[in-house]
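Here the structure is laid out as C-alpha cells; the discussion comes afterwards.
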Amino acid sequence: MSSKWTDKHGIEAPDDVTLAKDQWRVDDIIIPVMGRTGVGKSTFINDAAGKEVVTVGHGMKSCTADIQHVFCECPGDPSRRVVLVDTPGSDDTYISDEEVLRRIASWLASSYGQDMKLTGILYLHDITQSRMSGTMLRDLDVFRKMCGEDAEKNVILVTTKWANLTRITPNVGKEREQELTSVFWKEMMAHGSTTTPFDRSRPWDVMRPILANKTVVDALQIQKELVDWGRKLPETDAGKALASKVKKLEVWHREAIEGFKNNAEDGTQLQQLKEIDKEARELLKQVRRNMPTVISPFSRTRQLLTVEKRSLKPTKDPSVKPRTLTRQSGIG
C-alpha cells in the first residue's frame, strides 16, 4: 500500500485530511464519528474532550465540512491516545452528499495507506426524529456499504438528543429505540453492531465497548475497494448506493413538479414551475455527469420547490388522508 493515496480520477486527499506520520502513534485508538448533519457529532466530541475543540452548529447551517482530528487521553491508560475523527454529514448545508462521501473516502483510503487501523466507528442518530425517512434509510445504506458486513461488529449505533425528549411523552424515546433495533438496525446488530444512548454527562460510556475491545478493524469495505482493488469511487459499493439515492431523488423531483403543476392556478405559475423544472433538470444532469465532485443541486432544488409550493398554496383534497407510516420513501 502506498502512503499517499490518489484514485483513478486524480482525486488526492489534501495534506490536512490525514494525520502525518509524526502525528499519530501505532497504539492510537482511532474512532471516526459519523452520521447525518445535525445529529450531534461535534457536540459528542466536545463533551468527550471536556472543552470546545470543534464548532457546533445550533441553527440550520452545518459547521463540519472537513475532517477534523481531536486527541484525547485514554481513560484508564494515560500512555495511549484516543483520536476522535469528526466527519461531515450527509444533507450538508454547503456541500453535496457526493462530496461528503469523497472526503470521507479520501481520509479512509489515505489512512489505510499509512497502515492506520480503526478501532471502532460511531454512527450517531437523532432520537428526536419521529420517523426514518427515505433519505435517512439510504444514508444508512451508504454507511453500511462503506463499512462492509465484516466491519459492522466494530460499529456502535449511538442515539443522541435524549434530553430534547423531555417535553414529549416519556416513553417515546424508548419506543423509537426499540423500533430502530428491531427493524432498521436489526441486520447490523445481527452482524455484531451494538447500540447505546448518549448521555452528555458521561460521553465516554459510549466508547466503553471500543476501548475494551483488543482488536482493530483490518479494513473497511471501501478501503479495500479503493486501495487494494484500485476501484474508482463511483465503482465502490458505497458509491453505487449513493448513485441509487440520486436516482430516487430524481424520481421524487419529477413527481413533485407534476404534483405542483396540477395545483397551479394560472399561466404565470405554470411558467414559473417550468423554469424551476428546467433548472432542476440541468442540475440533475450535472450529478449524472460528475457525481463525485458536483456541489449539491438538491438543496437548491428543494429550496426552489419549497418556495414555489408556498406561493401556490394548493387546496387540500379532503378525500386524501395523510400517511402515518413510520417508514416513508422519498425525500426526507
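Ordered as shown in the C-alpha cells, chains take letters A, B, and onward, while each chain numbers its residues from 1 and ligands are numbered from 1 in the order shown.
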Where does DSSP see helix (DSSP H, G or I) in region 22-81 of chain A, if you list the residues as a VMD selection string?
chain A and resid 41 to 49
For the selection you just gave me, I'd like the residues written to a file as an mmCIF file, in the first residue's frame, keeping C-alpha atoms.
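Result written to again_0.cif:
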```
data_model
loop_
_atom_site.group_PDB
_atom_site.id
_atom_site.type_symbol
_atom_site.label_atom_id
_atom_site.label_comp_id
_atom_site.auth_asym_id
_atom_site.auth_seq_id
_atom_site.Cartn_x
_atom_site.Cartn_y
_atom_site.Cartn_z
ATOM 1 C CA LYS A 41 -21.271 14.601 16.223
ATOM 2 C CA SER A 42 -19.399 17.776 17.160
ATOM 3 C CA THR A 43 -21.273 18.039 20.485
ATOM 4 C CA PHE A 44 -20.281 14.488 21.363
ATOM 5 C CA ILE A 45 -16.620 15.129 20.544
ATOM 6 C CA ASN A 46 -16.531 18.348 22.574
ATOM 7 C CA ASP A 47 -18.105 16.594 25.561
ATOM 8 C CA ALA A 48 -15.559 13.771 25.315
ATOM 9 C CA ALA A 49 -12.699 16.286 25.080
#
```
Using only C-alpha atoms, determine which residues lie at most 8 Å from Lys161 (chain A), disregarding the query and same-chain residues fewer than 5 positions distant; provide the list as a list in words.
Val39, Gly40, Asp126, Ile127, Thr128 and Phe198 of chain A
With C-alpha atoms retained, export the selected residues as a tab-separated table (two decimals), in the first residue's frame.
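Below is the file that was written, out.tsv:
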```
chain	number	residue	atom	x	y	z
A	39	VAL	CA	-27.20	14.57	14.84
A	40	GLY	CA	-24.68	15.88	17.38
A	126	ASP	CA	-31.00	11.78	16.45
A	127	ILE	CA	-33.62	10.09	18.65
A	128	THR	CA	-35.94	13.11	18.33
A	198	PHE	CA	-25.52	9.26	24.53
```
Among region 6-190 of chain A, which ones does DSSP place in strand (DSSP E), written as a ChimeraX atom specification?
/A:29-35,68-73,81-86,121-126,155-160
What are the closest atom pairs, with distances in Å to one decimal, for each residue of region 34-145 of chain A lying within 10 Å of region 230-239 of chain A, using only C-alpha atoms, rows by chain and rising residue number, as a tab-separated table?
```
residue	atom	partner	partner_atom	distance
A:Glu98	CA	A:Gly239	CA	8.3
A:Leu101	CA	A:Gly239	CA	7.9
A:Arg102	CA	A:Leu233	CA	7.5
A:Ala105	CA	A:Leu233	CA	7.9
A:Ser106	CA	A:Leu233	CA	9.4
A:Asp139	CA	A:Ala238	CA	9.7
A:Asp141	CA	A:Ala238	CA	8.0
A:Val142	CA	A:Ala238	CA	4.9
A:Phe143	CA	A:Ala238	CA	7.1
A:Arg144	CA	A:Ala238	CA	7.8
A:Lys145	CA	A:Ala238	CA	4.8
```
Kindly save the residues from that selection, with C-alpha atoms included, as an mmCIF file, in the first residue's frame.
```cif
data_model
loop_
_atom_site.group_PDB
_atom_site.id
_atom_site.type_symbol
_atom_site.label_atom_id
_atom_site.label_comp_id
_atom_site.auth_asym_id
_atom_site.auth_seq_id
_atom_site.Cartn_x
_atom_site.Cartn_y
_atom_site.Cartn_z
ATOM 1 C CA GLU A 98 -21.280 13.101 -3.176
ATOM 2 C CA LEU A 101 -18.558 10.692 0.566
ATOM 3 C CA ARG A 102 -15.476 11.733 -1.421
ATOM 4 C CA ALA A 105 -13.421 8.070 1.395
ATOM 5 C CA SER A 106 -10.219 10.056 0.789
ATOM 6 C CA ASP A 139 -27.778 7.315 4.087
ATOM 7 C CA ASP A 141 -27.310 2.062 3.415
ATOM 8 C CA VAL A 142 -24.367 4.126 2.097
ATOM 9 C CA PHE A 143 -22.725 3.922 5.531
ATOM 10 C CA ARG A 144 -23.200 0.141 5.659
ATOM 11 C CA LYS A 145 -21.790 -0.274 2.164
#
```
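Excluding Glu149 (chain A) and any residue on its chain fewer than 2 positions from it, the residues at most 9 Å away by only C-alpha atoms are Arg144, Lys145, Cys147, Ala151, Glu152, Lys153, Met188, His191, Leu220 and Gln221 of chain A.
Across the structure, CA of Arg200 (chain A) and CA of Arg80 (chain A) are spaced 23.2 Å apart.
Closest to Val33 (chain A) among A:Val83, A:Pro75, A:Val70, A:Ile121 is A:Ile121, based on only C-alpha atoms.
Considering only C-alpha atoms, the residue among A:Glu187, A:Pro88, A:Lys240, A:Met146 positioned nearest to Ala109 (chain A) is A:Met146.
Atom pair CA of Val216 (chain A) / CA of Gly148 (chain A): separated by 14.6 Å.
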Point out the residue among A:Ile95, A:Leu140, A:Leu180, A:Ile210 with the least atom-to-atom distance to Ile31 (chain A), counting only C-alpha atoms.
A:Ile210
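Nearest to Val183 (chain A) of all the residues A:Gly89, A:Leu137, A:Gly113, A:Ser201 is A:Leu137, based on only C-alpha atoms.
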